[in-house]
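The block underneath contains the structure these notes are about, expressed in structure tokens.
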Amino acid sequence: MHKILIVDDETAIRESLQGVLADEGYETGAVDSGEECLKLLRREHAYEVVLLDIWLPGADGLETLERIRELDNPPEVIMISGHGTIETAAPQNWGLSIFWKNRCPSIRR
Amino acid sequence: MFFLLAILVSQTAFDLTLLRPGNNQQIVVFYALSLLISLLFVALTFVLARNLLKLFAERRLGVLGSKFRTRMVVGALLLSFVPVMVMYWFAYGLMNRSIDKWFSTPVEEVRADTHAMASLLGEYAAQNARAEATAIATAGETQRGFSGHGFSPVMAEFQNHEITLQGGFALAVQGGNAEASFNAPAPWPLLKTKLPLAEAASGRPARFSWDQTEYTLGSAQVGNDGFILVGIPLPQEFSRTVRQVEASQQRYFELAYERRLVRRTYMGLLLLLTMIVLFITTWLALFLSKLVTRPLAALAEATQEISRGRLDYRIDVSAADEIGDLVRSFNRMAEELETSRLQIEASSRDATTANSELDQRRRQMETILESIPTGVLSLDAERRVTHANQALQRMFYPEGYPEGNPLARGARLADLFPPEVLQDLEPLLRRADRMGMTTSQMETSLQRTSLNVAVTVALLRHQDERSGYVIVFEDLSDLLKAQKQAAWREVARRVAHEIKNPLTPIALSAERIQRHLERPAPPDKASLEIVRSCAETIAGAVETVRRLVDEFSTLARFPASNPHPADINEVIESALSMFDGRMDGINVHKALAPDLPRVMADAEAIKRAIANLVDNAAEAMHNSLVREIQISTSLVASRDAVEVTVADTGHGVTPELKEKLFLPYFSTRKRGTGLGLAIVSRVIEEHHGSIRVEENQPVGARFIIELPVVPEPALDAVAVQHA
């Protein structure tokens with residue numbers, strides 16, 4: 001079973017996502033900032049996927065993404081944002097595979 | 001040809017019929033001389049006449065210098081005429097006298113006497129001869145001899161008269177034959193042919209010469225056909241002397257004839273001399289006047305040429321003395337004229353070029369002035385309009401002028417602007433007088449148009465003297481509008497963001513509820529719990545949106561600030577009173593400076609702004625150990641402003657955040673919507689004030705607001721209003 005970490009500053013979003021993912025049987029964790037995310041990832045290596053909001057207080061999503069990449073055995077990262085498009089939010093050199101616009105919340109297996 | 005004509009004229013003019021080919025050499029010489037004289041005379045007269053005629057013609061034609069020449073010639077002729085005439089008459093008289101002396105009376109008398117004496121001597125000898133012949137003829141012996149008695153008695157008679165015959169001869173002729181002869185120099189037949197018998201017989205004096213001896217003859221009739229002829233020899237010297245006398249007489253007559261010719265010749269010579277003198281005089285006068293008139297004519301021509309503009313004209317006449325100096329100085333003058341004209345032309349060309357460049361630059365400046373959207377008004381030192389551009393007209397008179405053209409040159413400022421604008425302009429002009437240049441912002445309404453302009457007044461100085469002003473009006477209305485639009489775009493973007501954020505959990509929760517409800521099995525307790533929590537999430541998010549919309553509508557209703565002179569300390573007090581009893585655990589210190597000048601402030605708006613800052617500070621100190629807010633006011637004299645500082649001991653502001661802090665709706669807090677600082681910023685901007693953030697020592701942030709104090713005239717106006 002994949003373990004998923006959710007990074008978003010909005011509590012409502014965090015909780016909703018956790019709930020949805022829990023319904024699907026995923027084990028989830030949630031933090032509200034990039035710094036917390038990195039701290040957690042350094043401590044626990046169980047997370048395989050990170051759902052990362054682009055707009056974050058402090059170090060924003062993009063900065064956090066860079067840091068995650070620098071870790072040993074980094075997890076897969078899915079950038080999420082309620083705004084913008086993949087073009088503006090995620091240039092090609094990020095190497096992102098999934099860009100999830102959280103405006104479209106339906107999750108299909 | 002003229003020469004031939006002259007000869008012809010001389011032939012007819014002079015009486016040359018006297019010309020008689022004589023072998024007298026003198027006559028030939030005189031003739032040649034007189035011919036030469038007449039030729040010369042004619043030639044000179046011709047030349048003289050020609051010169052005079054030419055002069056006359058020139059005078060008639062008005063040739064330059066002819067009058068001067070005429071005057072010179074007339075003067076010279078007058079000057080020379082009297083002496084020449086005197087000389088002529090004197091010489092003429094002298095000549096006449098000498099000639100007359102030559103042919104004087106004594107000479108004539110001597111000549112006549114000598115001639116008479118020679119005649120008398122001849123007569124006397126002839127009478128002697130006739131008396132001797134008569135004496136012989138009347139003798140008896142002779143009578144007998146002719147009456148046929150032989151001629152021996154006659155012969156004897158001849159011998160009787162031998163002495164009285166004085167060595168002469170005697171002949172007795174009868175019937176043409178010499179019957180007796182005595183002492184005859186030659187035989188009768190020889191003598192008969194030579195002797196002038198008829199003359200002797202008639203009693204007239206007859207002469208006869210034979211063998212160098214001259215005889216005077218005398219005869220006397222004897223009988224019918226005979227006569228006695230006696231020849232008495234004359235002295236040998238006598239006949240030669242008489243011949244000489246006669247020759248002298250002949251020569252004298254010839255000379256008397258020549259005298260006329262001589263006189264004529266001398267007269268001609270004199271005339272010629274006179275003419276030569278007159279000619280020379282005329283010629284000299286002409287020559288001298290030509291020395292003057294030629295350079296003068298050249299000068300006159302040159303003057304005309306130069307007056308026609310031909311400054312390169314030079315006089316090419318070589319003249320000496322003062323005239324030469326004149327010509328040279330004239331040439332020098334012409335040269336200087338030409339040089340200076342060339343210089344003038346060059347400088348005028350330069351000036352034209354410079355002028356056209358200046359003109360072009362001026363036109364360019366004008367074009368620029370007329371095309372820029374900034375209103376430019378230039379005034380002279382008396383504050384009268386010297387130039388106003390189109391933009392100014394569009395700015396202040398968009399609907400045309402009320403009457404006349406207040407922007408015309410020379411108009412007064414008072415004709416141009418309404419009193420409230422003037423009131424704002426006056427202090428600016430005064431400040432420009434002091435500082436050279438000043439800038440301010442002002443808002444005015446003109447012709448139903450509200451105008452927000454930045455006014456820059458610059459003093460024009462020319463050689464340390466005030467020469468006028470340039471006032472530049474920059475229309476800020478569009479700029480402000482654009483700023484407002486940009487702000488509202490940002491508001492819209494932020495609001496959209498703030499609304500989207502709660503939408504995600506709402507959508508997620510709703511879907512989740514739906515899924516749980518769609519499960520075939522009846523919902524267990526856990527599912528119901530999830531549904532309940534989802535419903536809570538939805539309600540919370542909806543509440544967030546509602547609050548957001550409320551705040552947004554507050555912002556939309558936000559009234560425009562209406563600044564009035566206000567006491568800032570009072571405003572702060574009223575702002576703080578809003579927090580009474582709600583500042584749990586926060587110390588609020590006030591350090592309000594007394595006697596602050598009034599500021600231009602909308603009390604309500606500023607109160608809200610300050611309250612916002614205080615609220616912000618309290619929020620920032622939410623997790624701080626020391627929670628303290630300090631509010632202070634002070635005067636910033638250098639900027640005519642009052643400063644309000646709100647300092648907290650919260651988490652502070654990072655340098656990056658400082659830049660974004662006053663952008664609309666930037667927020668670092670989760671509570672609220674982030675409209676606070678944007679509202680504050682906007683209010684302060686509307687008051688022409690400023691807001692900035694600094695770090696507080698030792699910790700926290702410090703927000704500083706500056707508000708302009710009330711300008712003096714405005715205070716007065718307010719005082720009047722209140723009165």
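FYI, nothing fancy with the structure tokens labels: chains A, B, ... in order, residues from 1 per chain, ligands from 1 as they appear.
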Report task. Run DSSP on the backbone and grab whatever in stretch 22-87 of chain A lands in strand (DSSP E or B); send it over as a PyMOL selection string. Result -> chain A and resi 27-31+49-53+76-81
**Report entry** Residue list (helix (DSSP H, G or I), DSSP) for stretch 160-247 of chain B, as a PyMOL selection string
**Finding:** chain B and resi 160+188-194+197-202+236-247
Requested in this report: Starting from chain B, keep only residues with some atom at most 10 Å from an atom of chain A, counting only C-alpha atoms, and report them as an MDAnalysis selection string.
Outcome: chainID B and resid 496:497 500:513 515:516 527 530 533:534 536:538 540:541 667:670
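Atom pair atom CA of B:Ala388 / atom CA of B:Ala351 has a distance of 28.8 Å (rounded to one decimal).
Atom pair atom CA of B:Val646 / atom CA of B:Gln630 has a distance of 5.8 Å (rounded to one decimal).
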Query raised in the report: What is the atom CA of B:Glu706-atom CA of B:Ile568 distance in Å, reported with one decimal?
Result: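 Atom-to-atom, atom CA of B:Glu706 and atom CA of B:Ile568 are spaced 10.8 Å apart.
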Requested in this report: Please provide as a PyMOL selection string all residues within 8 Å of A:Val77, with the sequence filter that same-chain residues fewer than 5 positions apart are discarded (counting only C-alpha atoms).
Outcome: chain A and resi 49-52+65+96
Query - Who sits within 9 Å of stretch 148-161 of chain B, only C-alpha atoms, same chain under 3 positions skipped, as a ChimeraX atom specification - result: /B:132,135-137,139-145,164-166,169-172,179-182
Output file for the selection above: N, CA, C and O atoms, as a PDB file, in the first residue's frame:
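Generated output (again_8.pdb):
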ATOM      1  N   GLU B 132      78.845 169.997-133.724  1.00  0.00           N
ATOM      2  CA  GLU B 132      80.032 169.792-134.570  1.00  0.00           C
ATOM      3  C   GLU B 132      79.604 169.514-136.001  1.00  0.00           C
ATOM      4  O   GLU B 132      80.151 170.065-136.979  1.00  0.00           O
ATOM      5  N   ALA B 135      78.277 172.650-137.544  1.00  0.00           N
ATOM      6  CA  ALA B 135      79.372 173.550-137.854  1.00  0.00           C
ATOM      7  C   ALA B 135      80.068 173.123-139.121  1.00  0.00           C
ATOM      8  O   ALA B 135      80.394 173.952-139.976  1.00  0.00           O
ATOM      9  N   ILE B 136      80.270 171.859-139.329  1.00  0.00           N
ATOM     10  CA  ILE B 136      80.934 171.366-140.521  1.00  0.00           C
ATOM     11  C   ILE B 136      80.005 171.559-141.719  1.00  0.00           C
ATOM     12  O   ILE B 136      80.466 171.995-142.798  1.00  0.00           O
ATOM     13  N   ALA B 137      78.703 171.308-141.506  1.00  0.00           N
ATOM     14  CA  ALA B 137      77.803 171.375-142.643  1.00  0.00           C
ATOM     15  C   ALA B 137      77.623 172.801-143.146  1.00  0.00           C
ATOM     16  O   ALA B 137      77.484 173.018-144.340  1.00  0.00           O
ATOM     17  N   ALA B 139      79.784 175.159-143.118  1.00  0.00           N
ATOM     18  CA  ALA B 139      81.004 175.752-143.609  1.00  0.00           C
ATOM     19  C   ALA B 139      80.921 175.853-145.125  1.00  0.00           C
ATOM     20  O   ALA B 139      80.329 175.022-145.773  1.00  0.00           O
ATOM     21  N   GLY B 140      81.514 176.911-145.758  1.00  0.00           N
ATOM     22  CA  GLY B 140      81.485 177.148-147.187  1.00  0.00           C
ATOM     23  C   GLY B 140      82.148 176.040-147.946  1.00  0.00           C
ATOM     24  O   GLY B 140      81.659 175.612-148.997  1.00  0.00           O
ATOM     25  N   GLU B 141      83.232 175.517-147.448  1.00  0.00           N
ATOM     26  CA  GLU B 141      83.960 174.499-148.100  1.00  0.00           C
ATOM     27  C   GLU B 141      83.067 173.308-148.307  1.00  0.00           C
ATOM     28  O   GLU B 141      83.060 172.703-149.362  1.00  0.00           O
ATOM     29  N   THR B 142      82.296 173.034-147.282  1.00  0.00           N
ATOM     30  CA  THR B 142      81.407 171.894-147.319  1.00  0.00           C
ATOM     31  C   THR B 142      80.311 172.116-148.320  1.00  0.00           C
ATOM     32  O   THR B 142      79.976 171.197-149.074  1.00  0.00           O
ATOM     33  N   GLN B 143      79.708 173.366-148.328  1.00  0.00           N
ATOM     34  CA  GLN B 143      78.636 173.677-149.228  1.00  0.00           C
ATOM     35  C   GLN B 143      79.085 173.464-150.640  1.00  0.00           C
ATOM     36  O   GLN B 143      78.397 172.849-151.427  1.00  0.00           O
ATOM     37  N   ARG B 144      80.325 173.852-150.907  1.00  0.00           N
ATOM     38  CA  ARG B 144      80.850 173.706-152.212  1.00  0.00           C
ATOM     39  C   ARG B 144      81.081 172.270-152.536  1.00  0.00           C
ATOM     40  O   ARG B 144      80.837 171.812-153.634  1.00  0.00           O
ATOM     41  N   GLY B 145      81.538 171.594-151.648  1.00  0.00           N
ATOM     42  CA  GLY B 145      81.822 170.176-151.915  1.00  0.00           C
ATOM     43  C   GLY B 145      80.559 169.459-152.321  1.00  0.00           C
ATOM     44  O   GLY B 145      80.579 168.609-153.221  1.00  0.00           O
ATOM     45  N   THR B 164      88.202 169.640-132.260  1.00  0.00           N
ATOM     46  CA  THR B 164      86.869 169.598-131.642  1.00  0.00           C
ATOM     47  C   THR B 164      86.197 168.256-131.764  1.00  0.00           C
ATOM     48  O   THR B 164      85.286 167.926-131.033  1.00  0.00           O
ATOM     49  N   LEU B 165      86.662 167.491-132.735  1.00  0.00           N
ATOM     50  CA  LEU B 165      86.107 166.127-132.851  1.00  0.00           C
ATOM     51  C   LEU B 165      86.550 165.247-131.682  1.00  0.00           C
ATOM     52  O   LEU B 165      86.014 164.206-131.436  1.00  0.00           O
ATOM     53  N   GLN B 166      87.495 165.626-130.924  1.00  0.00           N
ATOM     54  CA  GLN B 166      87.989 164.936-129.709  1.00  0.00           C
ATOM     55  C   GLN B 166      88.302 163.469-129.981  1.00  0.00           C
ATOM     56  O   GLN B 166      87.950 162.571-129.243  1.00  0.00           O
ATOM     57  N   PHE B 169      85.080 160.716-135.235  1.00  0.00           N
ATOM     58  CA  PHE B 169      85.170 160.673-136.683  1.00  0.00           C
ATOM     59  C   PHE B 169      84.072 161.530-137.255  1.00  0.00           C
ATOM     60  O   PHE B 169      83.114 161.919-136.580  1.00  0.00           O
ATOM     61  N   ALA B 170      84.275 161.830-138.613  1.00  0.00           N
ATOM     62  CA  ALA B 170      83.287 162.616-139.337  1.00  0.00           C
ATOM     63  C   ALA B 170      83.115 162.004-140.715  1.00  0.00           C
ATOM     64  O   ALA B 170      84.066 161.525-141.331  1.00  0.00           O
ATOM     65  N   LEU B 171      81.863 161.994-141.166  1.00  0.00           N
ATOM     66  CA  LEU B 171      81.560 161.405-142.469  1.00  0.00           C
ATOM     67  C   LEU B 171      80.679 162.373-143.220  1.00  0.00           C
ATOM     68  O   LEU B 171      79.825 163.025-142.657  1.00  0.00           O
ATOM     69  N   ALA B 172      80.954 162.448-144.580  1.00  0.00           N
ATOM     70  CA  ALA B 172      80.101 163.229-145.459  1.00  0.00           C
ATOM     71  C   ALA B 172      79.409 162.263-146.342  1.00  0.00           C
ATOM     72  O   ALA B 172      80.034 161.522-147.120  1.00  0.00           O
ATOM     73  N   GLU B 179      81.085 160.113-149.075  1.00  0.00           N
ATOM     74  CA  GLU B 179      81.939 160.756-150.022  1.00  0.00           C
ATOM     75  C   GLU B 179      83.242 161.133-149.369  1.00  0.00           C
ATOM     76  O   GLU B 179      84.294 161.159-149.995  1.00  0.00           O
ATOM     77  N   ALA B 180      83.200 161.433-148.142  1.00  0.00           N
ATOM     78  CA  ALA B 180      84.458 161.757-147.448  1.00  0.00           C
ATOM     79  C   ALA B 180      84.362 161.236-146.030  1.00  0.00           C
ATOM     80  O   ALA B 180      83.314 161.241-145.440  1.00  0.00           O
ATOM     81  N   SER B 181      85.455 160.756-145.516  1.00  0.00           N
ATOM     82  CA  SER B 181      85.463 160.276-144.116  1.00  0.00           C
ATOM     83  C   SER B 181      86.733 160.689-143.444  1.00  0.00           C
ATOM     84  O   SER B 181      87.779 160.788-144.071  1.00  0.00           O
ATOM     85  N   PHE B 182      86.563 160.910-142.205  1.00  0.00           N
ATOM     86  CA  PHE B 182      87.740 161.338-141.435  1.00  0.00           C
ATOM     87  C   PHE B 182      87.770 160.505-140.173  1.00  0.00           C
ATOM     88  O   PHE B 182      86.839 160.474-139.392  1.00  0.00           O
TER      89      PHE B 182
END
